[in-house]
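Chemist: Dropping the structure in here first, questions after.
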Amino acid sequence: MTGRRLGSRGQATVEFALLLPVAVVALLVIAQIGLVVRARVMLTHAAREGARVAAVGGSDTEVKTAVIDSGSLDPTQVTVAVTRGASTVTVLVVYVMQTNVSVVGALLNDPQMSSVATMYREQ
């Protein structure tokens with residue numbers, strides 16, 4: 001065997017076996033971060049939809065229904081608060097996202113996110 005030491009056979013396999021779990025965990029962390037970012041975007045959209053319904057005179061129940069129907073947020077984890085002013089309405093949506101990606105989800109706390117949308121009343 002020229003150019004290789006006799007004791008280095010299988011070294012690449014051992015290095016791959018050692019680094020594979022680290023690479024898999026890194027990919028799972030990236031996937032969990034992507035899901036959190038997606039939930040944040042959906043939460044912002046949900047708050048805007050709720051504010052739109054409130055701006056045209058919808059009741060609190062209709063606002064909450066619009067918030068839940070606007071995206072794929074877990075309805076059991078959504079809290080909606082509507083504040084009506086003289087000329088504006090404000091909708092606050094609070095969402096607790098469950099981190100459920102294998103391995104990584106158990107290591108992280110469930111993030112609590114909130115979004116506020118304010119619109120002028122149209123009546």
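Every chain in the structure tokens has a letter given in the order shown (A, B, ...), and although residue numbers restart at 1 in each chain, ligands are simply numbered from 1 in the order shown.
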I want to know what sits within 10 Å of range 29-32 of chain A, based on only C-alpha atoms, with residues of the same chain fewer than 4 positions away left out; could you give that as a VMD selection string?
Modeler: chain A and resid 23 to 25 36 to 38 99 to 105 108
Chemist: Taking 4 positions as the minimum chain separation for residues in the same chain, which residues sit within 7 Å of range 109-111 of chain A when counting only C-alpha atoms? Answer as a ChimeraX atom specification.
Modeler: /A:96-99
Chemist: Env of Ala54 in chain A: 7 Å cut, atoms = only C-alpha atoms, seq-sep filter 5 positions within chain, self excluded. Answer as a PDB file with N, CA, C and O atoms, in the first residue's frame.
Modeler:
```
ATOM      1  N   SER A  59     -68.221  40.853  15.609  1.00  0.00           N
ATOM      2  CA  SER A  59     -68.208  40.640  17.057  1.00  0.00           C
ATOM      3  C   SER A  59     -66.895  39.967  17.471  1.00  0.00           C
ATOM      4  O   SER A  59     -66.114  39.521  16.630  1.00  0.00           O
ATOM      5  N   VAL A  63     -64.361  37.670  15.280  1.00  0.00           N
ATOM      6  CA  VAL A  63     -62.931  37.980  15.175  1.00  0.00           C
ATOM      7  C   VAL A  63     -62.108  36.748  15.501  1.00  0.00           C
ATOM      8  O   VAL A  63     -61.175  36.388  14.775  1.00  0.00           O
ATOM      9  N   VAL A  89     -59.664  49.785  15.768  1.00  0.00           N
ATOM     10  CA  VAL A  89     -59.777  48.522  16.494  1.00  0.00           C
ATOM     11  C   VAL A  89     -58.387  47.892  16.529  1.00  0.00           C
ATOM     12  O   VAL A  89     -57.619  48.009  15.578  1.00  0.00           O
TER      13      VAL A  89
END
```
Chemist: I need the residue nearest Arg84 in chain A from this list: A:Gln11, A:Gln112, A:Thr44, A:Thr118. Use only C-alpha atoms for the distance.
Modeler: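 Among A:Gln11, A:Gln112, A:Thr44, A:Thr118, it is A:Thr118 that comes nearest to Arg84 in chain A.
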Chemist: Just list as a list in words whatever in chain A DSSP marks as strand (DSSP E).
Modeler: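 Taking chain A and keeping strand (DSSP E) only, one gets Val78, Thr79, Val80, Ala81, Val82, Thr83, Arg84, Thr88, Val89, Thr90, Val91, Leu92, Val93, Val94, Tyr95, Val96, Gln112, Met113, Ser114, Ser115, Val116, Ala117, Thr118, Met119 and Tyr120 of chain A.
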Chemist: Next, dump the selected residues to file, keeping only N, CA and C atoms, as a compact mmCIF listing (two decimals), in the first residue's frame.
Modeler:
```txt
# COMPACT_ATOMS: atom_id res chain seq x y z
N VAL A 78 -54.43 29.43 20.95
CA VAL A 78 -54.61 30.81 20.50
C VAL A 78 -55.47 31.58 21.51
N THR A 79 -55.02 32.78 21.85
CA THR A 79 -55.79 33.70 22.67
C THR A 79 -55.95 35.00 21.88
N VAL A 80 -57.19 35.50 21.82
CA VAL A 80 -57.47 36.70 21.04
C VAL A 80 -58.08 37.76 21.96
N ALA A 81 -57.57 38.98 21.87
CA ALA A 81 -58.13 40.11 22.62
C ALA A 81 -58.42 41.24 21.64
N VAL A 82 -59.63 41.78 21.72
CA VAL A 82 -60.05 42.85 20.82
C VAL A 82 -60.27 44.11 21.65
N THR A 83 -59.67 45.21 21.20
CA THR A 83 -59.86 46.51 21.84
C THR A 83 -60.42 47.46 20.80
N ARG A 84 -61.58 48.03 21.13
CA ARG A 84 -62.23 48.95 20.20
C ARG A 84 -62.08 50.38 20.73
N THR A 88 -60.52 53.30 15.85
CA THR A 88 -59.69 52.15 15.48
C THR A 88 -60.09 50.91 16.27
N VAL A 89 -59.66 49.78 15.77
CA VAL A 89 -59.78 48.52 16.49
C VAL A 89 -58.39 47.89 16.53
N THR A 90 -58.08 47.26 17.64
CA THR A 90 -56.80 46.59 17.80
C THR A 90 -57.06 45.15 18.21
N VAL A 91 -56.38 44.24 17.52
CA VAL A 91 -56.51 42.82 17.81
C VAL A 91 -55.14 42.31 18.24
N LEU A 92 -55.10 41.71 19.42
CA LEU A 92 -53.89 41.08 19.94
C LEU A 92 -54.11 39.57 19.91
N VAL A 93 -53.19 38.87 19.25
CA VAL A 93 -53.26 37.42 19.17
C VAL A 93 -52.01 36.85 19.84
N VAL A 94 -52.22 35.99 20.81
CA VAL A 94 -51.11 35.33 21.51
C VAL A 94 -51.19 33.85 21.17
N TYR A 95 -50.05 33.27 20.83
CA TYR A 95 -50.00 31.88 20.40
C TYR A 95 -48.82 31.18 21.08
N VAL A 96 -49.08 30.04 21.66
CA VAL A 96 -48.02 29.21 22.24
C VAL A 96 -47.81 28.04 21.28
N GLN A 112 -43.77 31.43 23.21
CA GLN A 112 -45.02 32.18 23.21
C GLN A 112 -44.81 33.40 22.33
N MET A 113 -45.63 33.51 21.30
CA MET A 113 -45.51 34.61 20.35
C MET A 113 -46.78 35.44 20.38
N SER A 114 -46.64 36.69 20.03
CA SER A 114 -47.82 37.55 19.96
C SER A 114 -47.70 38.48 18.76
N SER A 115 -48.86 38.90 18.28
CA SER A 115 -48.91 39.84 17.16
C SER A 115 -50.08 40.79 17.38
N VAL A 116 -49.87 42.04 17.05
CA VAL A 116 -50.90 43.07 17.21
C VAL A 116 -51.16 43.70 15.85
N ALA A 117 -52.43 43.89 15.55
CA ALA A 117 -52.83 44.58 14.33
C ALA A 117 -53.88 45.63 14.68
N THR A 118 -53.70 46.83 14.15
CA THR A 118 -54.63 47.93 14.38
C THR A 118 -55.12 48.44 13.03
N MET A 119 -56.42 48.64 12.94
CA MET A 119 -57.01 49.17 11.71
C MET A 119 -58.07 50.21 12.07
N TYR A 120 -58.32 51.11 11.12
CA TYR A 120 -59.39 52.10 11.30
C TYR A 120 -60.74 51.43 11.10
```
Chemist: Separation of CA of Gly71 in chain A and CA of Gly57 in chain A, in Å?
Modeler: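 The value is 21.4 Å.
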Chemist: Could you pull out the helix (DSSP H, G or I) residues of range 50-118 of chain A, going by DSSP on the backbone, and write them as a VMD selection string?
Modeler: chain A and resid 50 to 55 60 to 69 75 to 77 104 to 107
Chemist: I need the residues from that last selection saved to file as a PDB file, in the first residue's frame (with N, CA, C and O atoms), if you can.
Modeler:
```
ATOM      1  N   GLY A  50     -58.089  39.148  11.781  1.00  0.00           N
ATOM      2  CA  GLY A  50     -58.970  39.476  12.892  1.00  0.00           C
ATOM      3  C   GLY A  50     -59.266  40.958  12.966  1.00  0.00           C
ATOM      4  O   GLY A  50     -60.408  41.374  13.212  1.00  0.00           O
ATOM      5  N   ALA A  51     -58.244  41.782  12.747  1.00  0.00           N
ATOM      6  CA  ALA A  51     -58.446  43.229  12.762  1.00  0.00           C
ATOM      7  C   ALA A  51     -59.361  43.661  11.622  1.00  0.00           C
ATOM      8  O   ALA A  51     -60.181  44.568  11.787  1.00  0.00           O
ATOM      9  N   ARG A  52     -59.251  43.017  10.500  1.00  0.00           N
ATOM     10  CA  ARG A  52     -60.118  43.347   9.353  1.00  0.00           C
ATOM     11  C   ARG A  52     -61.585  43.046   9.678  1.00  0.00           C
ATOM     12  O   ARG A  52     -62.465  43.854   9.409  1.00  0.00           O
ATOM     13  N   VAL A  53     -61.824  41.901  10.297  1.00  0.00           N
ATOM     14  CA  VAL A  53     -63.202  41.547  10.671  1.00  0.00           C
ATOM     15  C   VAL A  53     -63.720  42.522  11.722  1.00  0.00           C
ATOM     16  O   VAL A  53     -64.867  42.979  11.656  1.00  0.00           O
ATOM     17  N   ALA A  54     -62.886  42.880  12.685  1.00  0.00           N
ATOM     18  CA  ALA A  54     -63.300  43.831  13.726  1.00  0.00           C
ATOM     19  C   ALA A  54     -63.536  45.221  13.138  1.00  0.00           C
ATOM     20  O   ALA A  54     -64.436  45.939  13.579  1.00  0.00           O
ATOM     21  N   ALA A  55     -62.751  45.595  12.129  1.00  0.00           N
ATOM     22  CA  ALA A  55     -62.881  46.927  11.534  1.00  0.00           C
ATOM     23  C   ALA A  55     -64.204  47.104  10.798  1.00  0.00           C
ATOM     24  O   ALA A  55     -64.718  48.218  10.702  1.00  0.00           O
ATOM     25  N   ASP A  60     -66.677  39.888  18.785  1.00  0.00           N
ATOM     26  CA  ASP A  60     -65.466  39.240  19.284  1.00  0.00           C
ATOM     27  C   ASP A  60     -65.404  37.771  18.859  1.00  0.00           C
ATOM     28  O   ASP A  60     -64.337  37.253  18.549  1.00  0.00           O
ATOM     29  N   THR A  61     -66.535  37.110  18.838  1.00  0.00           N
ATOM     30  CA  THR A  61     -66.584  35.713  18.410  1.00  0.00           C
ATOM     31  C   THR A  61     -66.218  35.590  16.936  1.00  0.00           C
ATOM     32  O   THR A  61     -65.474  34.684  16.543  1.00  0.00           O
ATOM     33  N   GLU A  62     -66.723  36.496  16.115  1.00  0.00           N
ATOM     34  CA  GLU A  62     -66.386  36.485  14.687  1.00  0.00           C
ATOM     35  C   GLU A  62     -64.912  36.780  14.467  1.00  0.00           C
ATOM     36  O   GLU A  62     -64.286  36.201  13.574  1.00  0.00           O
ATOM     37  N   VAL A  63     -64.361  37.670  15.280  1.00  0.00           N
ATOM     38  CA  VAL A  63     -62.931  37.980  15.175  1.00  0.00           C
ATOM     39  C   VAL A  63     -62.108  36.748  15.501  1.00  0.00           C
ATOM     40  O   VAL A  63     -61.175  36.388  14.775  1.00  0.00           O
ATOM     41  N   LYS A  64     -62.435  36.065  16.597  1.00  0.00           N
ATOM     42  CA  LYS A  64     -61.687  34.865  16.973  1.00  0.00           C
ATOM     43  C   LYS A  64     -61.822  33.782  15.913  1.00  0.00           C
ATOM     44  O   LYS A  64     -60.848  33.104  15.575  1.00  0.00           O
ATOM     45  N   THR A  65     -63.005  33.624  15.349  1.00  0.00           N
ATOM     46  CA  THR A  65     -63.206  32.647  14.284  1.00  0.00           C
ATOM     47  C   THR A  65     -62.348  32.994  13.069  1.00  0.00           C
ATOM     48  O   THR A  65     -61.730  32.111  12.464  1.00  0.00           O
ATOM     49  N   ALA A  66     -62.290  34.271  12.715  1.00  0.00           N
ATOM     50  CA  ALA A  66     -61.466  34.698  11.575  1.00  0.00           C
ATOM     51  C   ALA A  66     -59.991  34.441  11.846  1.00  0.00           C
ATOM     52  O   ALA A  66     -59.254  34.021  10.947  1.00  0.00           O
ATOM     53  N   VAL A  67     -59.550  34.686  13.074  1.00  0.00           N
ATOM     54  CA  VAL A  67     -58.151  34.448  13.431  1.00  0.00           C
ATOM     55  C   VAL A  67     -57.819  32.965  13.289  1.00  0.00           C
ATOM     56  O   VAL A  67     -56.810  32.589  12.695  1.00  0.00           O
ATOM     57  N   ILE A  68     -58.663  32.114  13.812  1.00  0.00           N
ATOM     58  CA  ILE A  68     -58.397  30.674  13.776  1.00  0.00           C
ATOM     59  C   ILE A  68     -58.500  30.126  12.358  1.00  0.00           C
ATOM     60  O   ILE A  68     -57.698  29.289  11.946  1.00  0.00           O
ATOM     61  N   ASP A  69     -59.472  30.623  11.584  1.00  0.00           N
ATOM     62  CA  ASP A  69     -59.664  30.125  10.217  1.00  0.00           C
ATOM     63  C   ASP A  69     -58.622  30.645   9.231  1.00  0.00           C
ATOM     64  O   ASP A  69     -58.510  30.113   8.128  1.00  0.00           O
ATOM     65  N   PRO A  75     -55.967  25.858  17.386  1.00  0.00           N
ATOM     66  CA  PRO A  75     -56.984  26.685  18.052  1.00  0.00           C
ATOM     67  C   PRO A  75     -56.935  26.621  19.572  1.00  0.00           C
ATOM     68  O   PRO A  75     -57.339  27.561  20.237  1.00  0.00           O
ATOM     69  N   THR A  76     -56.424  25.529  20.131  1.00  0.00           N
ATOM     70  CA  THR A  76     -56.361  25.425  21.588  1.00  0.00           C
ATOM     71  C   THR A  76     -55.236  26.254  22.179  1.00  0.00           C
ATOM     72  O   THR A  76     -55.195  26.468  23.387  1.00  0.00           O
ATOM     73  N   GLN A  77     -54.332  26.734  21.344  1.00  0.00           N
ATOM     74  CA  GLN A  77     -53.181  27.510  21.818  1.00  0.00           C
ATOM     75  C   GLN A  77     -53.284  28.996  21.474  1.00  0.00           C
ATOM     76  O   GLN A  77     -52.335  29.739  21.666  1.00  0.00           O
ATOM     77  N   VAL A 104     -35.089  17.521  18.981  1.00  0.00           N
ATOM     78  CA  VAL A 104     -34.886  18.933  19.258  1.00  0.00           C
ATOM     79  C   VAL A 104     -36.052  19.535  20.030  1.00  0.00           C
ATOM     80  O   VAL A 104     -35.851  20.329  20.944  1.00  0.00           O
ATOM     81  N   GLY A 105     -37.271  19.171  19.693  1.00  0.00           N
ATOM     82  CA  GLY A 105     -38.445  19.737  20.337  1.00  0.00           C
ATOM     83  C   GLY A 105     -38.463  19.507  21.829  1.00  0.00           C
ATOM     84  O   GLY A 105     -38.912  20.359  22.594  1.00  0.00           O
ATOM     85  N   ALA A 106     -37.976  18.376  22.250  1.00  0.00           N
ATOM     86  CA  ALA A 106     -37.952  18.076  23.688  1.00  0.00           C
ATOM     87  C   ALA A 106     -36.932  18.920  24.431  1.00  0.00           C
ATOM     88  O   ALA A 106     -37.043  19.135  25.637  1.00  0.00           O
ATOM     89  N   LEU A 107     -35.942  19.436  23.733  1.00  0.00           N
ATOM     90  CA  LEU A 107     -34.895  20.231  24.369  1.00  0.00           C
ATOM     91  C   LEU A 107     -35.262  21.703  24.498  1.00  0.00           C
ATOM     92  O   LEU A 107     -34.654  22.422  25.286  1.00  0.00           O
TER      93      LEU A 107
END
```
Chemist: Nearest to Arg121 in chain A among A:Pro21, A:Gly34, A:Gly10, A:Gly58, with distances taken over only C-alpha atoms: which residue is it?
Modeler: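 Smallest separation from Arg121 in chain A among the options: A:Gly58.
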